[in-house]
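Structure below is work-v8.cif: mmCIF, C-alpha atoms (C1' of nucleotides).
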data_target
#
loop_
_atom_site.label_atom_id
_atom_site.label_comp_id
_atom_site.auth_asym_id
_atom_site.auth_seq_id
_atom_site.Cartn_x
_atom_site.Cartn_y
_atom_site.Cartn_z
CA MET S 40 105.05 86.56 102.34
CA ALA S 41 105.23 89.36 99.80
CA THR S 42 103.51 92.41 101.20
CA THR S 43 101.45 93.45 98.26
CA ASN S 44 100.03 96.91 98.21
CA GLU S 45 96.56 95.46 97.84
CA LYS S 46 96.96 93.49 101.05
CA LYS S 47 98.33 96.48 102.94
CA GLN S 48 95.43 98.64 101.92
CA LEU S 49 92.91 95.95 102.69
CA ILE S 50 94.39 95.42 106.16
CA GLU S 51 94.19 99.13 106.80
CA GLU S 52 90.56 99.21 105.77
CA ILE S 53 89.40 96.09 107.56
CA GLY S 54 91.50 96.93 110.60
CA LEU S 55 89.87 100.31 110.98
CA GLY S 56 86.41 98.78 110.98
CA ILE S 57 87.40 96.08 113.46
CA GLU S 58 89.10 98.56 115.73
CA GLU S 59 85.88 100.53 116.03
CA ARG S 60 83.56 97.60 116.41
CA LEU S 61 85.62 95.75 118.97
CA SER S 62 86.82 98.96 120.67
CA ILE S 63 90.42 97.92 120.51
CA SER S 64 93.58 99.81 119.57
CA PRO S 65 94.42 100.54 115.93
CA LEU S 66 97.32 98.11 116.04
CA ALA S 67 95.15 95.33 117.49
CA GLY S 68 92.62 95.96 114.72
CA ARG S 69 95.30 95.70 112.05
CA ILE S 70 96.73 92.52 113.55
CA TYR S 71 93.27 90.97 113.54
CA ALA S 72 92.79 92.09 109.93
CA LEU S 73 96.16 90.63 108.94
CA LEU S 74 95.19 87.29 110.43
CA ILE S 75 91.85 87.33 108.61
CA LEU S 76 93.74 87.58 105.36
CA SER S 77 96.52 85.16 106.24
CA SER S 78 97.12 81.51 105.71
CA TYR S 79 95.65 78.76 107.79
CA ASP S 80 98.89 77.81 109.54
CA GLY S 81 98.94 81.00 111.53
CA LEU S 82 101.63 83.62 111.72
CA THR S 83 104.42 83.86 114.27
CA PHE S 84 105.07 86.80 116.56
CA GLU S 85 107.99 87.82 114.37
CA GLU S 86 106.02 87.58 111.15
CA ILE S 87 103.30 89.77 112.60
CA ARG S 88 105.91 92.17 113.89
CA GLU S 89 107.58 92.38 110.51
CA TYR S 90 104.31 92.98 108.79
CA MET S 91 103.21 95.70 111.15
CA LYS S 92 106.61 97.28 111.55
CA ALA S 93 105.77 97.96 115.19
CA SER S 94 107.81 97.38 118.33
CA LYS S 95 108.00 94.05 120.10
CA SER S 96 106.26 95.50 123.13
CA SER S 97 103.33 96.82 121.15
CA ILE S 98 102.93 93.53 119.32
CA SER S 99 103.12 91.63 122.58
CA VAL S 100 100.55 93.77 124.36
CA ASN S 101 98.11 93.73 121.48
CA ILE S 102 98.38 90.03 120.76
CA ASN S 103 97.68 89.38 124.41
CA VAL S 104 94.67 91.66 124.42
CA LEU S 105 93.26 89.91 121.36
CA THR S 106 93.94 86.51 122.89
CA GLN S 107 92.34 87.44 126.19
CA LEU S 108 89.27 88.74 124.40
CA GLY S 109 89.07 85.39 122.64
CA TYR S 110 89.70 86.62 119.12
CA LEU S 111 93.03 84.82 118.69
CA THR S 112 94.46 81.43 119.54
CA TYR S 113 97.91 80.06 119.10
CA HIS S 114 99.32 76.61 118.64
CA THR S 115 102.88 75.42 118.89
CA LYS S 116 104.85 72.98 116.81
CA PRO S 117 106.97 70.25 118.43
CA GLY S 118 110.60 71.32 118.79
CA ASP S 119 109.73 74.92 117.97
CA ARG S 120 109.49 77.58 120.60
CA LYS S 121 107.49 79.97 118.48
CA ARG S 122 103.77 80.38 118.77
CA TYR S 123 101.60 80.40 115.70
CA PHE S 124 98.67 82.78 115.95
CA LYS S 125 95.43 82.67 114.03
CA ILE S 126 91.92 83.94 114.47
CA THR S 127 89.71 81.86 116.72
CA LYS S 128 86.43 81.98 114.90
CA TYR S 129 85.29 82.67 111.47
CA TYR S 130 85.26 86.37 111.03
CA GLN S 131 81.62 86.18 110.04
CA ILE S 132 80.46 84.44 113.22
CA GLN S 133 82.42 86.89 115.30
CA SER S 134 80.60 89.77 113.62
CA LEU S 135 77.22 88.19 114.10
CA GLU S 136 77.80 87.56 117.76
CA LEU S 137 78.72 91.18 118.22
CA TYR S 138 75.50 92.22 116.54
CA LEU S 139 73.61 89.91 118.84
CA GLN S 140 75.15 91.56 121.88
CA ALA S 141 74.45 95.07 120.59
CA LEU S 142 70.92 94.00 119.83
CA LYS S 143 70.26 92.84 123.37
CA LYS S 144 71.39 96.20 124.73
CA GLU S 145 69.23 97.92 122.16
CA MET S 146 66.17 95.94 123.17
CA VAL S 147 66.62 96.87 126.79
CA ILE S 148 66.93 100.55 125.90
CA VAL S 149 63.91 100.58 123.60
CA GLN S 150 61.84 98.94 126.30
CA LYS S 151 62.96 101.45 128.87
CA ILE S 152 62.19 104.39 126.59
CA ASN S 153 58.76 102.97 125.84
CA SER S 154 57.90 102.40 129.44
CA TYR S 155 59.22 105.82 130.45
CA ASN S 156 57.15 107.52 127.78
CA SER S 157 54.02 105.53 128.50
CA GLU S 158 54.26 106.62 132.10
CA HIS S 159 55.20 110.27 131.64
CA TYR S 160 53.56 111.22 128.34
CA PRO S 161 50.62 108.83 128.08
CA GLU S 162 48.84 110.91 125.36
CA LYS S 163 51.97 111.13 123.24
CA PHE S 164 52.82 107.53 123.81
CA SER S 165 49.44 106.07 122.93
CA ALA S 166 49.63 107.87 119.57
CA GLU S 167 52.92 106.10 118.96
CA GLU S 168 52.11 102.80 120.51
CA SER S 169 52.27 100.90 117.28
CA LEU S 170 55.66 102.46 116.65
CA GLY S 171 57.00 100.84 119.78
CA GLU S 172 55.50 97.58 118.57
CA ILE S 173 57.17 97.87 115.20
CA SER S 174 60.53 98.40 116.84
CA GLN S 175 60.01 95.43 119.08
CA ASP S 176 58.91 93.37 116.13
CA TYR S 177 61.94 94.41 114.13
CA LEU S 178 64.34 93.57 116.93
CA ILE S 179 62.87 90.10 117.34
CA LYS S 180 63.02 89.38 113.60
CA PHE S 181 66.57 90.59 113.47
CA GLN S 182 67.51 88.43 116.40
CA SER S 183 66.15 85.30 114.79
CA LEU S 184 67.84 86.17 111.50
CA ILE S 185 71.18 86.34 113.26
CA LYS S 186 70.59 83.13 115.16
CA ASP S 187 69.61 81.28 111.99
CA THR S 188 72.69 82.49 110.22
CA ILE S 189 75.00 81.54 113.06
CA GLN S 190 73.49 78.08 113.04
CA LYS S 191 73.94 77.67 109.32
CA ILE S 192 77.56 78.71 109.53
CA THR S 193 78.19 76.45 112.50
CA GLU S 194 76.78 73.45 110.65
CA LEU S 195 78.90 74.26 107.65
CA ARG S 196 81.99 74.33 109.82
CA LYS S 197 81.21 70.91 111.30
CA ASN S 198 80.90 69.37 107.83
CA ASP S 199 84.05 71.14 106.76
CA HIS S 200 86.04 69.76 109.69
CA SER S 201 84.80 66.19 109.37
CA HIS S 202 86.06 65.53 105.87
CA MET I 290 60.71 119.75 135.29
CA ALA I 291 61.49 117.64 138.33
CA THR I 292 64.68 115.72 137.73
CA THR I 293 63.67 112.31 138.95
CA ASN I 294 66.37 109.85 139.72
CA GLU I 295 64.86 107.45 137.24
CA LYS I 296 65.21 109.99 134.43
CA LYS I 297 68.79 110.81 135.37
CA GLN I 298 69.78 107.19 135.31
CA LEU I 299 67.98 106.55 132.07
CA ILE I 300 69.69 109.52 130.42
CA GLU I 301 73.04 108.24 131.56
CA GLU I 302 72.33 104.82 130.15
CA ILE I 303 70.84 105.88 126.84
CA GLY I 304 73.43 108.64 126.49
CA LEU I 305 76.29 106.20 126.81
CA GLY I 306 74.89 104.02 124.05
CA ILE I 307 74.26 106.97 121.76
CA GLU I 308 77.67 108.43 122.40
CA GLU I 309 79.30 105.22 121.23
CA ARG I 310 77.07 104.64 118.25
CA LEU I 311 77.21 108.19 116.91
CA SER I 312 80.85 108.69 117.97
CA ILE I 313 80.07 111.92 119.73
CA SER I 314 81.16 113.31 123.09
CA PRO I 315 79.62 112.04 126.33
CA LEU I 316 77.85 115.35 126.86
CA ALA I 317 76.40 115.32 123.34
CA GLY I 318 75.15 111.80 123.96
CA ARG I 319 73.47 112.84 127.19
CA ILE I 320 71.87 115.88 125.60
CA TYR I 321 70.47 113.69 122.85
CA ALA I 322 69.19 111.24 125.45
CA LEU I 323 67.58 114.05 127.42
CA LEU I 324 65.74 115.23 124.33
CA ILE I 325 64.56 111.69 123.58
CA LEU I 326 62.91 111.64 126.96
CA SER I 327 61.59 115.18 126.90
CA SER I 328 58.36 116.81 125.93
CA TYR I 329 57.34 117.68 122.42
CA ASP I 330 57.78 121.45 122.76
CA GLY I 331 61.51 121.15 122.95
CA LEU I 332 63.86 122.40 125.60
CA THR I 333 65.69 125.72 125.70
CA PHE I 334 69.43 126.15 125.90
CA GLU I 335 69.08 127.11 129.55
CA GLU I 336 66.88 124.13 130.40
CA ILE I 337 69.38 121.78 128.84
CA ARG I 338 72.18 123.54 130.65
CA GLU I 339 70.41 123.28 133.97
CA TYR I 340 69.71 119.64 133.44
CA MET I 341 73.26 118.77 132.46
CA LYS I 342 74.91 121.09 134.95
CA ALA I 343 77.59 121.84 132.37
CA SER I 344 79.10 125.13 131.23
CA LYS I 345 77.49 127.36 128.63
CA SER I 346 80.38 126.78 126.27
CA SER I 347 80.12 123.00 126.46
CA ILE I 348 76.38 123.12 125.91
CA SER I 349 76.83 125.49 122.99
CA VAL I 350 79.49 123.40 121.28
CA ASN I 351 77.64 120.14 121.72
CA ILE I 352 74.26 121.46 120.65
CA ASN I 353 75.89 122.80 117.53
CA VAL I 354 77.58 119.51 116.78
CA LEU I 355 74.28 117.66 117.16
CA THR I 356 72.52 120.21 115.00
CA GLN I 357 75.16 120.05 112.28
CA LEU I 358 74.99 116.27 112.24
CA GLY I 359 71.26 116.60 111.75
CA TYR I 360 70.17 115.04 115.02
CA LEU I 361 68.61 118.21 116.46
CA THR I 362 66.47 121.02 115.19
CA TYR I 363 65.27 124.13 116.89
CA HIS I 364 62.30 126.39 116.46
CA THR I 365 61.65 129.83 117.85
CA LYS I 366 58.54 131.42 119.27
CA PRO I 367 57.42 134.90 118.23
CA GLY I 368 58.67 137.57 120.61
CA ASP I 369 61.01 135.12 122.30
CA ARG I 370 64.72 135.10 121.63
CA LYS I 371 65.23 131.60 122.96
CA ARG I 372 65.58 128.58 120.74
CA TYR I 373 63.66 125.41 121.48
CA PHE I 374 65.58 122.26 120.67
CA LYS I 375 64.22 118.83 119.96
CA ILE I 376 65.35 115.69 118.18
CA THR I 377 64.92 115.61 114.44
CA LYS I 378 63.99 112.00 114.04
CA TYR I 379 62.54 109.29 116.13
CA TYR I 380 65.24 107.53 118.03
CA GLN I 381 64.17 104.27 116.44
CA ILE I 382 64.59 105.48 112.87
CA GLN I 383 67.91 107.01 113.74
CA SER I 384 69.12 103.66 115.05
CA LEU I 385 67.95 101.82 111.99
CA GLU I 386 69.61 104.23 109.64
CA LEU I 387 72.85 103.79 111.50
CA TYR I 388 72.55 100.04 111.15
CA LEU I 389 71.96 100.51 107.46
CA GLN I 390 75.14 102.54 107.10
CA ALA I 391 77.20 100.05 109.09
CA LEU I 392 75.74 97.28 107.01
CA LYS I 393 76.82 98.86 103.74
CA LYS I 394 80.37 99.12 104.99
CA GLU I 395 80.19 95.53 106.16
CA MET I 396 79.02 94.32 102.77
CA VAL I 397 81.89 96.02 101.03
CA ILE I 398 84.37 94.48 103.44
CA VAL I 399 82.93 90.97 103.18
CA GLN I 400 83.09 91.19 99.42
CA LYS I 401 86.68 92.34 99.51
CA ILE I 402 87.68 89.55 101.88
CA ASN I 403 85.96 86.99 99.69
CA SER I 404 87.58 88.19 96.53
CA TYR I 405 90.98 88.42 98.21
CA ASN I 406 90.69 84.87 99.52
CA SER I 407 89.37 83.44 96.27
CA GLU I 408 92.38 84.88 94.51
CA HIS I 409 95.09 84.06 97.04
CA TYR I 410 93.87 80.87 98.67
CA PRO I 411 91.62 79.28 96.05
CA GLU I 412 91.64 75.81 97.74
CA LYS I 413 90.74 77.25 101.10
CA PHE I 414 88.17 79.55 99.62
CA SER I 415 86.32 76.97 97.56
CA ALA I 416 85.88 74.86 100.69
CA GLU I 417 84.19 77.81 102.33
CA GLU I 418 82.41 79.15 99.33
CA SER I 419 78.97 78.51 100.68
CA LEU I 420 79.98 80.34 103.83
CA GLY I 421 80.63 83.47 101.82
CA GLU I 422 77.24 82.99 100.25
CA ILE I 423 75.55 82.68 103.63
CA SER I 424 77.11 85.92 104.78
CA GLN I 425 76.05 87.66 101.64
CA ASP I 426 72.58 86.23 101.99
CA TYR I 427 72.35 87.31 105.60
CA LEU I 428 73.44 90.86 104.82
CA ILE I 429 70.85 91.19 102.09
CA LYS I 430 68.04 89.86 104.29
CA PHE I 431 69.09 92.16 107.08
CA GLN I 432 69.15 95.11 104.74
CA SER I 433 65.63 94.50 103.54
CA LEU I 434 64.41 93.99 107.10
CA ILE I 435 65.77 97.39 108.06
CA LYS I 436 64.35 99.06 105.00
CA ASP I 437 60.91 97.56 105.59
CA THR I 438 60.92 98.70 109.16
CA ILE I 439 62.02 102.22 108.32
CA GLN I 440 59.22 102.43 105.80
CA LYS I 441 56.63 101.22 108.27
CA ILE I 442 57.74 103.73 110.85
CA THR I 443 57.83 106.54 108.32
CA GLU I 444 54.27 105.81 107.24
CA LEU I 445 53.13 105.74 110.81
CA ARG I 446 54.69 109.13 111.41
CA LYS I 447 52.90 110.61 108.42
CA ASN I 448 49.56 109.41 109.71
CA ASP I 449 50.45 110.67 113.14
CA HIS I 450 51.25 114.15 111.89
CA SER I 451 48.25 114.47 109.66
CA HIS I 452 45.56 114.08 112.30
"C1'" DG Y 269 74.14 154.68 124.65
"C1'" DT Y 270 74.00 151.55 128.61
"C1'" DG Y 271 72.42 147.24 130.16
"C1'" DT Y 272 70.75 142.67 129.46
"C1'" DT Y 273 69.83 138.36 127.11
"C1'" DA Y 274 71.34 134.50 124.54
"C1'" DG Y 275 74.49 132.54 123.15
"C1'" DT Y 276 79.74 131.88 120.61
"C1'" DT Y 277 84.74 131.59 120.41
"C1'" DC Y 278 89.23 130.74 122.20
"C1'" DA Y 279 93.05 129.30 125.05
"C1'" DT Y 280 93.80 126.09 128.39
"C1'" DA Y 281 93.63 122.44 131.98
"C1'" DA Y 282 92.63 117.59 132.92
"C1'" DC Y 283 92.49 113.21 131.40
"C1'" DA Y 284 92.96 109.01 128.59
"C1'" DT Y 285 95.34 106.11 125.30
"C1'" DA Y 286 98.70 104.17 122.04
"C1'" DG Y 287 102.98 102.89 120.96
"C1'" DC Y 288 107.99 103.05 122.06
"C1'" DG Y 289 112.56 101.73 123.97
"C1'" DA Y 290 115.02 99.62 127.54
"C1'" DA Y 291 115.47 96.51 130.96
"C1'" DC Y 292 113.99 92.15 132.38
"C1'" DT Y 293 112.54 86.92 132.59
"C1'" DG Y 294 112.50 82.18 131.74
"C1'" DA Y 295 113.49 78.49 128.80
"C1'" DT Y 296 116.76 76.38 125.70
"C1'" DT Y 297 121.40 76.00 123.21
"C1'" DT Y 298 126.17 75.82 123.10
"C1'" DA B 185 127.81 79.14 132.73
"C1'" DA B 186 127.34 82.16 128.79
"C1'" DA B 187 124.63 83.27 125.04
"C1'" DT B 188 120.45 83.29 122.54
"C1'" DC B 189 115.60 83.15 121.74
"C1'" DA B 190 110.90 84.48 122.48
"C1'" DG B 191 108.63 87.22 124.39
"C1'" DT B 192 106.94 90.46 128.84
"C1'" DT B 193 106.82 94.47 131.79
"C1'" DC B 194 107.55 99.26 132.94
"C1'" DG B 195 108.15 104.16 132.57
"C1'" DC B 196 107.64 107.64 129.42
"C1'" DT B 197 106.33 110.55 125.43
"C1'" DA B 198 103.28 111.96 121.97
"C1'" DT B 199 98.76 112.64 120.72
"C1'" DG B 200 93.94 113.36 121.02
"C1'" DT B 201 89.67 114.54 123.40
"C1'" DT B 202 86.46 116.80 126.64
"C1'" DA B 203 84.88 120.24 129.24
"C1'" DT B 204 85.90 124.77 131.29
"C1'" DG B 205 86.18 129.87 132.28
"C1'" DA B 206 86.79 134.22 130.40
"C1'" DA B 207 86.31 137.33 126.93
"C1'" DC B 208 83.53 138.47 123.14
"C1'" DT B 209 79.34 139.47 119.91
"C1'" DA B 210 74.90 140.46 118.14
"C1'" DA B 211 70.23 141.59 119.01
"C1'" DC B 212 67.00 143.78 121.72
"C1'" DA B 213 65.23 146.75 125.96
"C1'" DC B 214 65.17 150.90 128.45
#

For the file at hand, write its structure as structure tokens.
Amino acid sequence: MATTNEKKQLIEEIGLGIEERLSISPLAGRIYALLILSSYDGLTFEEIREYMKASKSSISVNINVLTQLGYLTYHTKPGDRKRYFKITKYYQIQSLELYLQALKKEMVIVQKINSYNSEHYPEKFSAEESLGEISQDYLIKFQSLIKDTIQKITELRKNDHSH
Amino acid sequence: MATTNEKKQLIEEIGLGIEERLSISPLAGRIYALLILSSYDGLTFEEIREYMKASKSSISVNINVLTQLGYLTYHTKPGDRKRYFKITKYYQIQSLELYLQALKKEMVIVQKINSYNSEHYPEKFSAEESLGEISQDYLIKFQSLIKDTIQKITELRKNDHSH
DNA sequence: GTGTTAGTTCATAACATAGCGAACTGATTT
DNA sequence: AAATCAGTTCGCTATGTTATGAACTAACAC
């Protein structure tokens, strides 16, 4: 596993984004990024450790966090004590599901703002009523776009597995 | 300005979301939330301070951060030294623009992952090629959905201002 | 020119978090 | 039973962030 400079940089970049989106530690983000870019067999604890040049304890803690959050799984090989880690889901589905969650929160907030304003500033609110509708409309369209895409990807995975 | 319990709770809730999305301090998030829910005239420094029950220095720093980031503006009244603060943009547009930014980053990352994989794991990648296409397709659709919605809202605001 | 208003700036306290090394555990070899 | 392997757990340090009080400033009022 030659650590190319390209890979290092890419892990840094992807890791940073993941760290923010999943609200996990920088190291956890980089581990997740490494596994996105790594082979299908999965990497061992030691391989991850080598790559990250971090302590055993940090690797242990962060792998466990990622596993508990459901982003990683591991499998073992007969007669081999090591665990092989890889990402649970396609990176893309993971992202979409996060958007879906954020969206639900957003919808609740928008509704609350609308109902607060309609109660407390009825004149102001009625002037903006269609604005509230547009937002609502947008959120619903977005939601169905995500759901469609998740379904497409899921179907693709099924076909992929069955051949 | 009677501080109803409903308003307090709502500010807490909206503020928390904003804080995370804009990566600003909790107080800045709550100030922004307060201004979302407050009247069109804008609130003074002292009104905000009273509402938040925070120190002058904290209010000052956080108002300035929000102003510098372009989320707040202030206007003055003749013969009155106070500044009246209100949000620059509709909360909804703000949200959408943030999504747009996040999306651009996302598109860059997805492209980099795809090109990395197509180079380093061509067999694996070709099996998933259509998956990469779906992601790309999704991102583009999402982008145009956001842009449409921003445009609709912007038009609505123009009409709203001009009557 | 003294006081007041409307904030700003600065040093600091309080708190949270990440990653580290060292000691430990539990299973497997030798 | 001693050693090794594959990790885990714990206490601690380093670092970053938020909000604070106290001192300061700039404009206006008397």

Step by step: start from the point (74.8, 89.0, 106.9) in the file's coordinates, keep every protein, DNA or RNA residue that has an atom no farther than 9 Å from it, count only C-alpha atoms (C1' of nucleotides), and write the set as a PyMOL selection string. (chain S and resi 131+134-135+184-185+188) or (chain I and resi 392+395-396+423-432)

File of the preceding selection, C-alpha atoms, as a PDB file, in the coordinates of the input:
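Dumped everything to again.pdb:
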ATOM      1  CA  GLN S 131      81.620  86.180 110.040  1.00  0.00           C
ATOM      2  CA  SER S 134      80.600  89.770 113.620  1.00  0.00           C
ATOM      3  CA  LEU S 135      77.220  88.190 114.100  1.00  0.00           C
ATOM      4  CA  LEU S 184      67.840  86.170 111.500  1.00  0.00           C
ATOM      5  CA  ILE S 185      71.180  86.340 113.260  1.00  0.00           C
ATOM      6  CA  THR S 188      72.690  82.490 110.220  1.00  0.00           C
TER       7      THR S 188
ATOM      8  CA  LEU I 392      75.740  97.280 107.010  1.00  0.00           C
ATOM      9  CA  GLU I 395      80.190  95.530 106.160  1.00  0.00           C
ATOM     10  CA  MET I 396      79.020  94.320 102.770  1.00  0.00           C
ATOM     11  CA  ILE I 423      75.550  82.680 103.630  1.00  0.00           C
ATOM     12  CA  SER I 424      77.110  85.920 104.780  1.00  0.00           C
ATOM     13  CA  GLN I 425      76.050  87.660 101.640  1.00  0.00           C
ATOM     14  CA  ASP I 426      72.580  86.230 101.990  1.00  0.00           C
ATOM     15  CA  TYR I 427      72.350  87.310 105.600  1.00  0.00           C
ATOM     16  CA  LEU I 428      73.440  90.860 104.820  1.00  0.00           C
ATOM     17  CA  ILE I 429      70.850  91.190 102.090  1.00  0.00           C
ATOM     18  CA  LYS I 430      68.040  89.860 104.290  1.00  0.00           C
ATOM     19  CA  PHE I 431      69.090  92.160 107.080  1.00  0.00           C
ATOM     20  CA  GLN I 432      69.150  95.110 104.740  1.00  0.00           C
TER      21      GLN I 432
END

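Those residues of chain B that fall within 9 Å of chain S when using all atoms listed in the file read DC189, DA190, DG191, DT192 and DT193 of chain B.
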
Long-range neighbours of DA206 in chain B as a PyMOL selection string, 12 Å cut-off, all atoms listed in the file, 3 positions minimum in chain: (chain I and resi 344-346) or (chain Y and resi 277-280)

Spell out the residues picked by the PyMOL selection byres ((chain B and resi 195) around 12) here, as an NGL selection string. (:Y and (288-291)) or (:B and (193-194 or 196-197))

Just say which residues the PyMOL selection byres ((chain Y) within 8 of (chain I)) picks in this file, as a ChimeraX atom specification. /Y:274-276

Might you pull out every residue within 10 Å of Ala317 in chain I, with all atoms listed in the file counted and same-chain residues fewer than 2 positions away left off, and present them as a list in words? Gly304, Leu305, Ile307, Glu308, Leu311, Ser312, Ile313, Ser314, Pro315, Arg319, Ile320, Tyr321, Ala322, Leu323, Ser347, Ile348, Val350, Asn351, Ile352, Asn353, Val354 and Leu355 of chain I

When the PyMOL selection byres ((chain S) within 10 of (chain I)) is applied to the structure above, which residues does it catch, written out as a PDB file with C-alpha atoms, keeping the file's coordinate frame?
ATOM      1  CA  GLU S  45      96.560  95.460  97.840  1.00  0.00           C
ATOM      2  CA  LYS S  46      96.960  93.490 101.050  1.00  0.00           C
ATOM      3  CA  LEU S  49      92.910  95.950 102.690  1.00  0.00           C
ATOM      4  CA  ILE S  50      94.390  95.420 106.160  1.00  0.00           C
ATOM      5  CA  GLU S  52      90.560  99.210 105.770  1.00  0.00           C
ATOM      6  CA  ILE S  53      89.400  96.090 107.560  1.00  0.00           C
ATOM      7  CA  GLY S  56      86.410  98.780 110.980  1.00  0.00           C
ATOM      8  CA  GLU S  59      85.880 100.530 116.030  1.00  0.00           C
ATOM      9  CA  ARG S  60      83.560  97.600 116.410  1.00  0.00           C
ATOM     10  CA  SER S  62      86.820  98.960 120.670  1.00  0.00           C
ATOM     11  CA  ALA S  72      92.790  92.090 109.930  1.00  0.00           C
ATOM     12  CA  ILE S  75      91.850  87.330 108.610  1.00  0.00           C
ATOM     13  CA  LEU S  76      93.740  87.580 105.360  1.00  0.00           C
ATOM     14  CA  SER S  77      96.520  85.160 106.240  1.00  0.00           C
ATOM     15  CA  SER S  78      97.120  81.510 105.710  1.00  0.00           C
ATOM     16  CA  TYR S  79      95.650  78.760 107.790  1.00  0.00           C
ATOM     17  CA  TYR S 129      85.290  82.670 111.470  1.00  0.00           C
ATOM     18  CA  TYR S 130      85.260  86.370 111.030  1.00  0.00           C
ATOM     19  CA  GLN S 131      81.620  86.180 110.040  1.00  0.00           C
ATOM     20  CA  ILE S 132      80.460  84.440 113.220  1.00  0.00           C
ATOM     21  CA  SER S 134      80.600  89.770 113.620  1.00  0.00           C
ATOM     22  CA  LEU S 135      77.220  88.190 114.100  1.00  0.00           C
ATOM     23  CA  TYR S 138      75.500  92.220 116.540  1.00  0.00           C
ATOM     24  CA  ALA S 141      74.450  95.070 120.590  1.00  0.00           C
ATOM     25  CA  LYS S 144      71.390  96.200 124.730  1.00  0.00           C
ATOM     26  CA  GLU S 145      69.230  97.920 122.160  1.00  0.00           C
ATOM     27  CA  VAL S 147      66.620  96.870 126.790  1.00  0.00           C
ATOM     28  CA  ILE S 148      66.930 100.550 125.900  1.00  0.00           C
ATOM     29  CA  VAL S 149      63.910 100.580 123.600  1.00  0.00           C
ATOM     30  CA  LYS S 151      62.960 101.450 128.870  1.00  0.00           C
ATOM     31  CA  ILE S 152      62.190 104.390 126.590  1.00  0.00           C
ATOM     32  CA  ASN S 153      58.760 102.970 125.840  1.00  0.00           C
ATOM     33  CA  TYR S 155      59.220 105.820 130.450  1.00  0.00           C
ATOM     34  CA  ASN S 156      57.150 107.520 127.780  1.00  0.00           C
ATOM     35  CA  HIS S 159      55.200 110.270 131.640  1.00  0.00           C
ATOM     36  CA  TYR S 160      53.560 111.220 128.340  1.00  0.00           C
ATOM     37  CA  LYS S 163      51.970 111.130 123.240  1.00  0.00           C
ATOM     38  CA  ALA S 166      49.630 107.870 119.570  1.00  0.00           C
ATOM     39  CA  GLU S 167      52.920 106.100 118.960  1.00  0.00           C
ATOM     40  CA  SER S 169      52.270 100.900 117.280  1.00  0.00           C
ATOM     41  CA  LEU S 170      55.660 102.460 116.650  1.00  0.00           C
ATOM     42  CA  GLY S 171      57.000 100.840 119.780  1.00  0.00           C
ATOM     43  CA  ILE S 173      57.170  97.870 115.200  1.00  0.00           C
ATOM     44  CA  SER S 174      60.530  98.400 116.840  1.00  0.00           C
ATOM     45  CA  ASP S 176      58.910  93.370 116.130  1.00  0.00           C
ATOM     46  CA  TYR S 177      61.940  94.410 114.130  1.00  0.00           C
ATOM     47  CA  LEU S 178      64.340  93.570 116.930  1.00  0.00           C
ATOM     48  CA  LYS S 180      63.020  89.380 113.600  1.00  0.00           C
ATOM     49  CA  PHE S 181      66.570  90.590 113.470  1.00  0.00           C
ATOM     50  CA  LEU S 184      67.840  86.170 111.500  1.00  0.00           C
ATOM     51  CA  ILE S 185      71.180  86.340 113.260  1.00  0.00           C
ATOM     52  CA  ASP S 187      69.610  81.280 111.990  1.00  0.00           C
ATOM     53  CA  THR S 188      72.690  82.490 110.220  1.00  0.00           C
ATOM     54  CA  ILE S 189      75.000  81.540 113.060  1.00  0.00           C
ATOM     55  CA  LYS S 191      73.940  77.670 109.320  1.00  0.00           C
ATOM     56  CA  ILE S 192      77.560  78.710 109.530  1.00  0.00           C
ATOM     57  CA  THR S 193      78.190  76.450 112.500  1.00  0.00           C
ATOM     58  CA  LEU S 195      78.900  74.260 107.650  1.00  0.00           C
ATOM     59  CA  ARG S 196      81.990  74.330 109.820  1.00  0.00           C
ATOM     60  CA  ASP S 199      84.050  71.140 106.760  1.00  0.00           C
TER      61      ASP S 199
END

So how many Å separate CA of Gln140 in chain S and CA of Lys186 in chain S, to one decimal? 11.7 Å

CA of Thr362 in chain I to CA of Lys393 in chain I, distance in Å rounded to a single decimal: 27.0 Å

Atomic separation - CA of His114 in chain S relative to CA of Leu74 in chain S, Å: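 Result for CA of Leu74 in chain S versus CA of His114 in chain S: 14.1 Å, one decimal.
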
Which polymer residues have any atom within 12 Å of an atom of DT270 in chain Y, counting all atoms listed in the file, with same-chain residues fewer than 2 positions away left out, as a PyMOL selection string? (chain Y and resi 272) or (chain B and resi 213-214)

Shortest interatomic distance to Met91 in chain S - which of S:Leu66, S:Ile126, S:Leu111, S:Leu139, counting only C-alpha atoms: S:Leu66

Return range 95-99 of chain S, completed with N, CA and C atoms, as a short mmCIF file (atom, residue, chain, number, x, y, z; two decimals), keeping the file's coordinate frame.
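Writing the result to result30.cif gives the following:
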data_model
loop_
_atom_site.label_atom_id
_atom_site.label_comp_id
_atom_site.auth_asym_id
_atom_site.auth_seq_id
_atom_site.Cartn_x
_atom_site.Cartn_y
_atom_site.Cartn_z
N LYS S 95 108.32 95.30 119.44
CA LYS S 95 108.00 94.05 120.10
C LYS S 95 106.96 94.25 121.21
N SER S 96 107.17 95.30 122.00
CA SER S 96 106.26 95.50 123.13
C SER S 96 104.83 95.73 122.66
N SER S 97 104.68 96.55 121.64
CA SER S 97 103.33 96.82 121.15
C SER S 97 102.68 95.55 120.61
N ILE S 98 103.46 94.79 119.85
CA ILE S 98 102.93 93.53 119.32
C ILE S 98 102.52 92.61 120.47
N SER S 99 103.40 92.49 121.44
CA SER S 99 103.12 91.63 122.58
C SER S 99 101.83 92.02 123.28
#
